[in-house]
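Dumped my_file12.tsv below, it's TSV, C-alpha atoms (C1' of nucleotides):
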chain	number	residue	atom	x	y	z
A	23	MET	CA	-43.14	15.27	22.23
A	24	ASP	CA	-40.45	14.90	19.71
A	25	GLY	CA	-40.04	15.26	16.05
A	26	PRO	CA	-40.11	13.33	12.87
A	27	SER	CA	-36.42	12.87	12.65
A	28	ARG	CA	-35.32	10.00	10.49
A	29	PRO	CA	-37.03	7.17	12.35
A	30	GLY	CA	-35.08	4.35	10.88
A	31	PRO	CA	-35.02	3.85	7.17
A	32	SER	CA	-35.39	6.90	4.99
A	33	ASP	CA	-38.74	5.64	3.96
A	34	ARG	CA	-41.26	7.28	1.79
A	35	ALA	CA	-44.70	6.16	0.81
A	36	ALA	CA	-47.23	7.65	3.16
A	37	SER	CA	-50.89	7.02	3.70
A	38	GLY	CA	-51.86	9.92	1.51
A	39	HIS	CA	-49.72	12.34	3.45
A	40	ASP	CA	-46.92	14.34	2.11
A	41	ALA	CA	-43.98	12.39	3.36
A	42	ARG	CA	-40.98	14.43	2.36
A	43	TRP	CA	-38.51	14.10	5.15
A	44	LEU	CA	-37.36	17.08	7.11
A	45	ASP	CA	-34.02	18.40	6.01
A	46	ALA	CA	-31.26	19.14	8.48
A	47	ASP	CA	-32.27	22.74	9.10
A	48	GLU	CA	-35.89	21.89	9.54
A	49	GLN	CA	-35.04	19.07	11.84
A	50	ARG	CA	-32.92	21.23	14.08
A	51	ALA	CA	-35.58	23.91	14.19
A	52	TRP	CA	-38.33	21.45	14.97
A	53	ARG	CA	-36.38	19.73	17.68
A	54	ALA	CA	-35.43	23.02	19.24
A	55	TYR	CA	-39.02	24.16	19.20
A	56	LEU	CA	-40.31	20.93	20.68
A	57	ARG	CA	-37.80	20.87	23.45
A	58	MET	CA	-38.28	24.54	24.20
A	59	GLN	CA	-42.02	24.26	24.43
A	60	GLY	CA	-41.90	21.15	26.59
A	61	ARG	CA	-39.47	22.65	29.02
A	62	LEU	CA	-41.10	26.05	29.11
A	63	ALA	CA	-44.46	24.48	29.84
A	64	ALA	CA	-42.91	22.37	32.57
A	65	ALA	CA	-41.24	25.41	34.13
A	66	LEU	CA	-44.45	27.42	34.10
A	67	ASN	CA	-46.32	24.51	35.54
A	68	ARG	CA	-43.82	24.02	38.32
A	69	GLN	CA	-43.71	27.65	39.29
A	70	LEU	CA	-47.47	28.04	39.46
A	71	GLN	CA	-47.91	24.82	41.34
A	72	LEU	CA	-45.27	25.65	43.91
A	73	GLU	CA	-46.13	29.26	44.50
A	74	SER	CA	-49.88	29.11	44.44
A	75	GLY	CA	-51.14	25.59	44.01
A	76	LEU	CA	-52.67	26.48	40.66
A	77	SER	CA	-52.09	24.70	37.38
A	78	PRO	CA	-51.61	26.64	34.15
A	79	ALA	CA	-55.08	25.46	33.19
A	80	ASP	CA	-56.57	26.87	36.40
A	81	TYR	CA	-54.77	30.10	35.72
A	82	GLU	CA	-56.24	30.39	32.28
A	83	VAL	CA	-59.76	29.79	33.44
A	84	LEU	CA	-59.38	32.29	36.24
A	85	VAL	CA	-57.93	34.90	33.90
A	86	HIS	CA	-60.95	34.69	31.67
A	87	LEU	CA	-63.33	34.88	34.58
A	88	THR	CA	-61.63	37.91	36.09
A	89	ASP	CA	-61.63	39.51	32.66
A	90	THR	CA	-65.39	39.33	32.70
A	91	PRO	CA	-67.37	42.10	34.38
A	92	GLU	CA	-69.69	39.83	36.32
A	93	ALA	CA	-66.99	37.18	36.83
A	94	ARG	CA	-69.37	34.56	35.57
A	95	LEU	CA	-69.57	32.82	32.23
A	96	ARG	CA	-71.45	30.05	30.58
A	97	PRO	CA	-69.19	27.03	30.06
A	98	TYR	CA	-69.63	27.25	26.31
A	99	GLU	CA	-68.40	30.84	26.37
A	100	LEU	CA	-65.36	29.75	28.31
A	101	GLN	CA	-64.87	26.95	25.86
A	102	TRP	CA	-64.97	29.36	23.00
A	103	ALA	CA	-62.51	31.68	24.68
A	104	LEU	CA	-60.07	28.96	25.65
A	105	GLN	CA	-60.47	26.79	22.60
A	106	TRP	CA	-60.48	23.69	24.73
A	107	GLU	CA	-62.26	20.47	24.13
A	108	GLN	CA	-65.61	20.40	25.77
A	109	SER	CA	-64.94	17.46	28.03
A	110	ARG	CA	-61.63	18.88	29.11
A	111	LEU	CA	-63.36	22.02	30.24
A	112	SER	CA	-66.08	20.10	31.96
A	113	HIS	CA	-63.64	17.92	33.86
A	114	HIS	CA	-61.55	20.88	34.73
A	115	LEU	CA	-64.44	22.91	36.06
A	116	THR	CA	-65.46	19.95	38.18
A	117	ARG	CA	-62.01	19.86	39.71
A	118	MET	CA	-61.90	23.59	40.24
A	119	ARG	CA	-65.32	23.50	41.84
A	120	ARG	CA	-64.14	20.78	44.19
A	121	ARG	CA	-61.27	23.03	45.24
A	122	GLY	CA	-63.55	26.00	45.75
A	123	LEU	CA	-62.08	28.16	42.98
A	124	VAL	CA	-65.35	28.45	41.11
A	125	GLU	CA	-68.99	27.73	41.72
A	126	ARG	CA	-71.76	26.40	39.57
A	127	GLU	CA	-74.99	28.27	39.21
A	128	GLU	CA	-78.08	27.11	37.40
A	129	CYS	CA	-79.12	29.05	34.36
A	130	SER	CA	-82.71	30.20	34.25
A	131	GLU	CA	-82.88	31.05	30.55
A	132	ASP	CA	-81.60	27.69	29.43
A	133	GLY	CA	-82.40	24.64	31.49
A	134	ARG	CA	-79.51	22.67	30.01
A	135	GLY	CA	-76.90	25.21	30.86
A	136	ALA	CA	-75.15	26.68	33.83
A	137	PHE	CA	-72.93	29.52	34.89
A	138	VAL	CA	-69.41	29.24	36.17
A	139	VAL	CA	-68.91	31.82	38.86
A	140	LEU	CA	-65.62	32.99	40.30
A	141	THR	CA	-65.44	32.60	44.07
A	142	GLU	CA	-63.63	34.87	46.44
A	143	LYS	CA	-61.10	32.14	46.95
A	144	GLY	CA	-60.60	31.93	43.22
A	145	ARG	CA	-60.04	35.64	42.96
A	146	GLN	CA	-57.54	35.61	45.76
A	147	ALA	CA	-55.73	32.67	44.23
A	148	ILE	CA	-55.12	34.33	40.91
A	149	THR	CA	-54.30	37.66	42.48
A	150	ALA	CA	-51.64	35.96	44.52
A	151	ALA	CA	-50.35	33.86	41.65
A	152	ALA	CA	-50.16	36.49	38.94
A	153	PRO	CA	-47.05	38.48	39.83
A	154	GLY	CA	-44.86	35.42	40.15
A	155	HIS	CA	-46.28	33.96	37.00
A	156	VAL	CA	-45.67	37.13	35.03
A	157	GLY	CA	-42.18	37.17	36.40
A	158	VAL	CA	-41.42	33.74	35.06
A	159	VAL	CA	-42.97	34.48	31.70
A	160	ARG	CA	-40.85	37.55	31.48
A	161	ARG	CA	-37.72	35.89	32.62
A	162	PHE	CA	-37.86	32.97	30.26
A	163	PHE	CA	-39.84	34.29	27.37
A	164	PHE	CA	-39.62	38.04	26.91
A	165	ASP	CA	-36.38	39.15	28.43
A	166	GLY	CA	-33.76	39.15	25.75
A	167	PHE	CA	-36.25	39.45	22.93
A	168	SER	CA	-36.51	42.67	21.03
A	169	ARG	CA	-39.83	44.24	20.13
A	170	GLU	CA	-39.43	43.01	16.58
A	171	GLU	CA	-38.74	39.51	17.70
A	172	VAL	CA	-41.81	39.53	19.89
A	173	ALA	CA	-43.87	40.81	17.00
A	174	LEU	CA	-42.45	38.18	14.72
A	175	LEU	CA	-43.17	35.48	17.19
A	176	GLU	CA	-46.74	36.58	17.33
A	177	ARG	CA	-46.99	36.51	13.57
A	178	LEU	CA	-45.55	33.04	13.31
A	179	SER	CA	-47.86	31.76	16.02
A	180	THR	CA	-50.85	33.31	14.38
A	181	ARG	CA	-49.95	31.84	11.05
A	182	ILE	CA	-49.78	28.35	12.50
A	183	LEU	CA	-53.04	28.93	14.32
A	184	ASP	CA	-54.73	29.89	11.08
A	185	ARG	CA	-53.59	26.67	9.53
A	186	LEU	CA	-54.92	24.70	12.44
A	187	ASP	CA	-58.25	26.47	12.25
A	188	ASN	CA	-58.56	25.93	8.54
A	189	ALA	CA	-57.67	22.30	8.94
A	190	ASP	CA	-60.35	21.74	11.54
A	191	ALA	CA	-63.11	23.04	9.37
A	192	GLY	CA	-61.04	22.76	6.31
A	193	PRO	CA	-60.61	20.80	3.13
A	194	GLU	CA	-61.33	17.12	3.23
A	195	ALA	CA	-57.87	16.97	1.75
A	196	ASP	CA	-56.13	13.96	0.28
A	197	PRO	CA	-58.76	12.38	-1.88
A	198	ARG	CA	-55.88	10.26	-3.11
B	172	MET	CA	-51.95	27.23	29.82
B	173	ASP	CA	-52.73	30.85	29.49
B	174	GLY	CA	-51.00	34.07	30.11
B	175	PRO	CA	-50.45	36.58	32.80
B	176	SER	CA	-52.96	39.04	31.52
B	177	ARG	CA	-54.16	41.52	34.07
B	178	PRO	CA	-55.75	39.10	36.51
B	179	GLY	CA	-57.73	41.56	38.53
B	180	PRO	CA	-56.02	44.47	40.17
B	181	SER	CA	-52.88	45.80	38.58
B	182	ASP	CA	-50.91	44.54	41.49
B	183	ARG	CA	-47.23	44.61	42.01
B	184	ALA	CA	-45.06	43.29	44.81
B	185	ALA	CA	-43.94	39.78	44.03
B	186	SER	CA	-42.06	37.23	46.06
B	187	GLY	CA	-38.72	38.25	44.72
B	188	HIS	CA	-39.92	38.10	41.15
B	189	ASP	CA	-40.00	40.87	38.68
B	190	ALA	CA	-43.66	41.68	38.50
B	191	ARG	CA	-43.91	44.24	35.73
B	192	TRP	CA	-47.10	43.56	33.89
B	193	LEU	CA	-47.09	42.55	30.25
B	194	ASP	CA	-47.90	45.36	27.88
B	195	ALA	CA	-50.46	44.96	25.12
B	196	ASP	CA	-48.00	43.72	22.52
B	197	GLU	CA	-46.43	41.24	24.84
B	198	GLN	CA	-49.77	40.02	25.96
B	199	ARG	CA	-50.98	39.39	22.43
B	200	ALA	CA	-47.77	37.62	21.56
B	201	TRP	CA	-47.86	35.47	24.66
B	202	ARG	CA	-51.46	34.52	24.19
B	203	ALA	CA	-50.90	33.69	20.57
B	204	TYR	CA	-47.93	31.53	21.44
B	205	LEU	CA	-49.78	29.72	24.20
B	206	ARG	CA	-52.77	28.98	22.09
B	207	MET	CA	-50.67	27.93	19.15
B	208	GLN	CA	-48.58	25.54	21.15
B	209	GLY	CA	-51.57	24.01	22.87
B	210	ARG	CA	-53.42	23.43	19.68
B	211	LEU	CA	-50.42	22.25	17.73
B	212	ALA	CA	-49.58	19.74	20.43
B	213	ALA	CA	-53.18	18.55	20.45
B	214	ALA	CA	-53.20	18.16	16.68
B	215	LEU	CA	-49.96	16.19	16.68
B	216	ASN	CA	-51.23	14.05	19.48
B	217	ARG	CA	-54.49	13.31	17.73
B	218	GLN	CA	-52.87	12.44	14.44
B	219	LEU	CA	-50.35	10.07	15.95
B	220	GLN	CA	-52.93	8.44	18.14
B	221	LEU	CA	-55.38	7.88	15.33
B	222	GLU	CA	-52.97	6.75	12.67
B	223	SER	CA	-50.67	4.58	14.69
B	224	GLY	CA	-51.75	4.35	18.29
B	225	LEU	CA	-48.59	6.10	19.41
B	226	SER	CA	-48.39	9.16	21.61
B	227	PRO	CA	-45.93	11.95	20.87
B	228	ALA	CA	-43.97	10.72	23.85
B	229	ASP	CA	-43.79	7.20	22.43
B	230	TYR	CA	-42.65	8.66	19.17
B	231	GLU	CA	-39.85	10.55	20.78
B	232	VAL	CA	-38.56	7.55	22.65
B	233	LEU	CA	-38.72	5.42	19.54
B	234	VAL	CA	-36.90	8.04	17.49
B	235	HIS	CA	-34.01	8.04	19.89
B	236	LEU	CA	-33.86	4.27	19.98
B	237	THR	CA	-33.88	3.95	16.22
B	238	ASP	CA	-31.21	6.63	16.06
B	239	THR	CA	-28.97	4.35	18.06
B	240	PRO	CA	-26.92	1.68	16.27
B	241	GLU	CA	-27.78	-1.13	18.61
B	242	ALA	CA	-31.29	0.18	19.21
B	243	ARG	CA	-30.73	-0.08	22.92
B	244	LEU	CA	-29.99	2.56	25.51
B	245	ARG	CA	-29.64	2.88	29.21
B	246	PRO	CA	-32.59	4.78	30.67
B	247	TYR	CA	-30.31	7.51	31.92
B	248	GLU	CA	-28.96	8.04	28.42
B	249	LEU	CA	-32.48	8.34	27.14
B	250	GLN	CA	-33.24	10.73	29.93
B	251	TRP	CA	-30.30	12.85	28.98
B	252	ALA	CA	-31.32	12.87	25.33
B	253	LEU	CA	-34.96	13.66	25.99
B	254	GLN	CA	-34.46	15.99	28.92
B	255	TRP	CA	-37.36	14.38	30.72
B	256	GLU	CA	-37.87	13.97	34.39
B	257	GLN	CA	-36.60	10.65	35.60
B	258	SER	CA	-39.90	9.37	36.89
B	259	ARG	CA	-41.70	10.40	33.76
B	260	LEU	CA	-39.32	8.33	31.71
B	261	SER	CA	-39.59	5.40	34.07
B	262	HIS	CA	-43.37	5.43	33.99
B	263	HIS	CA	-43.39	5.85	30.28
B	264	LEU	CA	-41.02	2.98	29.66
B	265	THR	CA	-43.19	0.80	31.85
B	266	ARG	CA	-46.20	1.62	29.70
B	267	MET	CA	-44.30	1.09	26.48
B	268	ARG	CA	-43.01	-2.21	27.74
B	269	ARG	CA	-46.54	-3.27	28.56
B	270	ARG	CA	-47.52	-2.53	24.99
B	271	GLY	CA	-44.59	-4.42	23.58
B	272	LEU	CA	-42.84	-1.43	22.02
B	273	VAL	CA	-39.67	-1.87	24.03
B	274	GLU	CA	-38.11	-4.48	26.23
B	275	ARG	CA	-36.09	-4.35	29.38
B	276	GLU	CA	-32.77	-6.05	29.61
B	277	GLU	CA	-30.58	-6.41	32.65
B	278	CYS	CA	-27.26	-4.66	32.61
B	279	SER	CA	-24.26	-6.75	33.51
B	280	GLU	CA	-21.81	-3.89	34.08
B	281	ASP	CA	-24.07	-2.08	36.51
B	282	GLY	CA	-26.39	-4.06	38.69
B	283	ARG	CA	-28.64	-1.08	39.33
B	284	GLY	CA	-29.20	-0.32	35.71
B	285	ALA	CA	-30.89	-1.75	32.69
B	286	PHE	CA	-31.17	-1.41	28.97
B	287	VAL	CA	-34.17	-0.34	27.02
B	288	VAL	CA	-34.31	-2.32	23.83
B	289	LEU	CA	-36.38	-1.58	20.77
B	290	THR	CA	-38.61	-4.48	19.79
B	291	GLU	CA	-39.58	-5.41	16.29
B	292	LYS	CA	-43.06	-4.21	17.04
B	293	GLY	CA	-41.64	-0.90	18.17
B	294	ARG	CA	-39.66	-0.53	14.99
B	295	GLN	CA	-42.64	-1.30	12.85
B	296	ALA	CA	-44.76	1.14	14.81
B	297	ILE	CA	-42.50	4.09	14.25
B	298	THR	CA	-41.80	3.18	10.67
B	299	ALA	CA	-45.52	3.18	10.03
B	300	ALA	CA	-46.15	6.34	12.01
B	301	ALA	CA	-43.36	8.51	10.69
B	302	PRO	CA	-44.57	9.56	7.24
B	303	GLY	CA	-47.94	10.73	8.48
B	304	HIS	CA	-46.35	12.50	11.39
B	305	VAL	CA	-43.88	14.30	9.19
B	306	GLY	CA	-46.75	15.26	6.95
B	307	VAL	CA	-48.60	16.93	9.78
B	308	VAL	CA	-45.51	18.70	11.05
B	309	ARG	CA	-44.92	19.99	7.59
B	310	ARG	CA	-48.46	21.02	6.99
B	311	PHE	CA	-48.93	22.96	10.18
B	312	PHE	CA	-45.45	24.05	11.03
B	313	PHE	CA	-43.14	24.39	8.07
B	314	ASP	CA	-45.32	25.03	5.06
B	315	GLY	CA	-45.65	28.75	4.62
B	316	PHE	CA	-42.48	29.54	6.54
B	317	SER	CA	-39.47	30.76	4.68
B	318	ARG	CA	-35.99	29.46	5.39
B	319	GLU	CA	-35.20	32.60	7.30
B	320	GLU	CA	-38.27	32.26	9.42
B	321	VAL	CA	-37.40	28.69	10.22
B	322	ALA	CA	-33.91	29.74	11.16
B	323	LEU	CA	-35.24	32.54	13.30
B	324	LEU	CA	-37.61	30.22	15.04
B	325	GLU	CA	-34.76	27.96	15.88
B	326	ARG	CA	-32.77	30.85	17.27
B	327	LEU	CA	-35.61	32.05	19.43
B	328	SER	CA	-36.25	28.54	20.74
B	329	THR	CA	-32.62	28.03	21.50
B	330	ARG	CA	-32.40	31.30	23.32
B	331	ILE	CA	-35.30	30.37	25.58
B	332	LEU	CA	-33.79	26.96	26.13
B	333	ASP	CA	-30.54	28.51	27.25
B	334	ARG	CA	-32.38	30.55	29.79
B	335	LEU	CA	-34.17	27.51	31.07
B	336	ASP	CA	-30.93	25.60	31.34
B	337	ASN	CA	-29.20	28.40	33.17
B	338	ALA	CA	-32.11	28.68	35.54
B	339	ASP	CA	-32.02	24.98	36.33
B	340	ALA	CA	-28.39	25.02	37.25
B	341	GLY	CA	-29.28	28.37	38.65
B	342	PRO	CA	-27.49	31.35	40.07
B	343	GLU	CA	-25.70	28.96	42.41
B	344	ALA	CA	-23.10	28.13	39.81
B	345	ASP	CA	-22.37	24.85	38.12
B	346	PRO	CA	-19.34	23.04	39.54
B	347	ARG	CA	-17.77	21.72	36.41
C	226	DG	C1'	-98.38	17.97	19.45
C	227	DC	C1'	-94.71	15.34	18.64
C	228	DA	C1'	-90.81	13.14	16.41
C	229	DA	C1'	-86.25	14.28	14.76
C	230	DC	C1'	-82.50	16.71	15.41
C	231	DG	C1'	-79.34	19.87	17.67
C	232	DT	C1'	-77.03	21.78	21.73
C	233	DA	C1'	-75.24	22.20	26.83
C	234	DG	C1'	-72.94	19.81	29.72
C	235	DA	C1'	-71.43	15.58	32.62
C	236	DT	C1'	-69.18	11.11	33.16
C	237	DG	C1'	-66.21	6.82	32.98
C	238	DA	C1'	-62.20	4.72	31.45
C	239	DC	C1'	-57.67	5.16	30.48
C	240	DG	C1'	-53.09	6.93	29.37
C	241	DC	C1'	-49.86	10.75	30.76
C	242	DG	C1'	-46.76	13.73	34.03
C	243	DT	C1'	-45.45	15.32	38.63
C	244	DC	C1'	-43.87	15.02	43.25
C	245	DA	C1'	-42.35	12.28	46.96
C	246	DT	C1'	-40.55	8.22	48.35
C	247	DT	C1'	-38.21	3.73	48.00
C	248	DT	C1'	-34.91	-0.01	46.69
C	249	DA	C1'	-30.75	-1.62	45.05
C	250	DT	C1'	-26.21	-0.96	43.88
C	251	DT	C1'	-21.85	1.49	43.29
C	252	DT	C1'	-18.36	4.86	44.70
C	253	DC	C1'	-15.67	7.31	47.79
C	254	DC	C1'	-12.84	7.76	51.50
C	255	DA	C1'	-11.37	7.62	56.43
D	149	DT	C1'	-12.63	-2.48	55.13
D	150	DG	C1'	-16.76	-0.49	56.38
D	151	DG	C1'	-20.00	3.03	56.33
D	152	DA	C1'	-21.76	7.34	54.19
D	153	DA	C1'	-23.07	9.39	50.06
D	154	DA	C1'	-24.18	9.21	45.37
D	155	DT	C1'	-26.52	7.01	41.43
D	156	DA	C1'	-29.95	4.01	38.60
D	157	DA	C1'	-34.36	3.08	38.40
D	158	DA	C1'	-39.18	1.90	40.10
D	159	DT	C1'	-43.48	3.01	42.46
D	160	DG	C1'	-47.77	5.16	44.54
D	161	DA	C1'	-50.78	8.88	44.69
D	162	DC	C1'	-52.93	12.27	42.38
D	163	DG	C1'	-54.28	15.82	39.03
D	164	DC	C1'	-54.76	16.43	33.91
D	165	DG	C1'	-56.61	15.49	28.87
D	166	DT	C1'	-58.83	12.50	25.47
D	167	DC	C1'	-62.27	9.68	23.48
D	168	DA	C1'	-66.67	7.71	23.66
D	169	DT	C1'	-70.85	7.92	25.54
D	170	DC	C1'	-74.76	9.69	27.99
D	171	DT	C1'	-78.49	12.87	29.81
D	172	DA	C1'	-81.41	16.49	29.45
D	173	DC	C1'	-83.27	20.30	27.49
D	174	DG	C1'	-84.37	23.17	23.28
D	175	DT	C1'	-85.78	23.90	18.31
D	176	DT	C1'	-87.88	22.85	14.03
D	177	DG	C1'	-91.11	21.19	10.90
D	178	DC	C1'	-94.86	18.48	9.62

Please render this file's structure as structure tokens.
Amino acid sequence: MDGPSRPGPSDRAASGHDARWLDADEQRAWRAYLRMQGRLAAALNRQLQLESGLSPADYEVLVHLTDTPEARLRPYELQWALQWEQSRLSHHLTRMRRRGLVEREECSEDGRGAFVVLTEKGRQAITAAAPGHVGVVRRFFFDGFSREEVALLERLSTRILDRLDNADAGPEADPR
Amino acid sequence: MDGPSRPGPSDRAASGHDARWLDADEQRAWRAYLRMQGRLAAALNRQLQLESGLSPADYEVLVHLTDTPEARLRPYELQWALQWEQSRLSHHLTRMRRRGLVEREECSEDGRGAFVVLTEKGRQAITAAAPGHVGVVRRFFFDGFSREEVALLERLSTRILDRLDNADAGPEADPR
DNA sequence: GCAACGTAGATGACGCGTCATTTATTTCCA
DNA sequence: TGGAAATAAATGACGCGTCATCTACGTTGC
């Protein structure tokens, strides 16, 4: 993913969007962010894959399951927790089931639904993967940041998240 | 991707990694960052896809090509600029070529190599896509951030990037 | 009681990204 | 000069994520 940096002519005229170009500062910041996030994600991915055969997505699912007393959740609960698209979750659970990390259990109260249950293998996998993963997160993300910077980062992230949430439900914008 | 939040037992003992757990603040910050980046990437992806049929990856490649006087680059130059894995770039260029966004041209100076050339269709695609893309970046990322916050964000990103770079070349020194 | 609608979840097709491997060419040097 | 090593790039296999669509069960209201 890259940024909206002067793609050719310094055009204007958008399809209802605000099309002010990014200025030099914004452009540098955006590019730095994009590159950072791409490379950080790749590094996390690589480490997890190599050390434990899990993907970041697997890790996330397993974290939520182990965070749950009974280690079992309805898919829609998981979906809510992860904020993933429904079909992504469904596909992913299928793959994890195939690899024995989770199991599917029918739900008696609701004939449409199911439970995702953590298997012993799944528990072992995340237990084994966690320390190394934390280490990498620390090494690349937290080390060298002060408490204030960490706090600020959380605030900025949250602010963007709010915008995204509001946009999803949000104003039908641009009646132009 | 999710975070290293207490996945079961508060283990320690890593394979050479630092395995200190994340404290509550760090955990919140990390989770917020992860969720933000995932959803922001998804939003950018969706917008580009819907409005212009481009992926963020396409966009990036096209930006770099249009930033180049002759609108043609050697794949390895593109790779350097994008910091992508070689095979990712190769696959991606194949797909873009199939869709007529770029063309391949043999390289006379180096029989192994080639040039990636922007096509007219490619130029039109990014010209059409850019305003809307910038709009979304602005709406979700920059609006509501002050100049200082933008600057800070760039600094934090850059700092993480430096770590990633140093890790790639690694403790085993860079011979240059 | 049943039609209309809503909700839980699965599936197929397709583009993307990674690792491992392969092919072709150039460079280096003994 | 000839062979080893390095470099440019492509490819196959495979897991991931998205959209569109589908199935099946539940809920509501007449």

Counting all atoms listed in the file, chain A residues within 8 Å of chain D, as a PyMOL selection string: chain A and resi 110+132-134

Residue list for chain C near chain B as a PyMOL selection string, 9 Å, all atoms listed in the file: chain C and resi 240-243+249-251

For CA of Leu272 in chain B and CA of Thr290 in chain B, the interatomic separation in Å (one decimal):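 Between CA of Leu272 in chain B and CA of Thr290 in chain B the gap is 5.7 Å.
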
Interatomic distance (Å, one decimal) between CA of Arg245 in chain B and CA of Ala285 in chain B: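 Here the two named atoms are 5.9 Å from each other.
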
Atom-to-atom span, CA of Glu248 in chain B and CA of Leu236 in chain B, Å: 10.5 Å

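Among B:Cys278, B:Gly271, B:Ser317, B:Phe312, the residue with the shortest atom-to-atom distance to Thr180 in chain A, counting all atoms listed in the file, is B:Phe312.
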
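Across all paired C-alpha atoms, the best overlay of chain B on chain A gives 2.9 Å RMSD.
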
Pick from A:Ala151, A:Ala189, A:Val156, A:Ala64, whichever lies nearest to chain B using all atoms listed in the file: A:Val156

Set up a box along x, y and z of the file covering all listed atoms of range 159-176 of chain D, add 8 Å on every one of the six sides, and write the centre and edge lengths in Å to one decimal, as JSON.
{"center_x": -65.7, "center_y": 13.5, "center_z": 29.4, "size_x": 60.4, "size_y": 36.9, "size_z": 46.7}

Given only C-alpha atoms as the counted atoms, nearest of A:Ala51, A:Leu56, A:Leu70, A:Ala93 to chain B: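 Among the listed residues, A:Ala51 lies closest to chain B.
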
Residue neighbourhood Phe311 in chain B, 10 Å, all atoms listed in the file, exclusion window fewer than 4 positions, as a ChimeraX atom specification: /A:181-186,189 /B:211,214-215,306-307,315-316

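Counting all atoms listed in the file, the residue from A:Leu72, A:Ala63, A:Val138, A:Leu115 that sits nearest to chain B is A:Ala63.
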
Nearest candidate to chain B (options A:Glu176, A:Glu170, A:Asp80, A:Asp187; using all atoms listed in the file):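 Of all the options, A:Glu176 lies closest to chain B.
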
Selected residue of minimal separation from chain A among B:Asn337, B:Gln198, B:Ser328, B:Gln295, counting only C-alpha atoms: B:Ser328

Expected residue set, 6 Å radius at (-39.3, 26.3, 9.8), only C-alpha atoms (C1' of nucleotides), as a VMD selection string: (chain A and resid 48) or (chain B and resid 313 316 321)
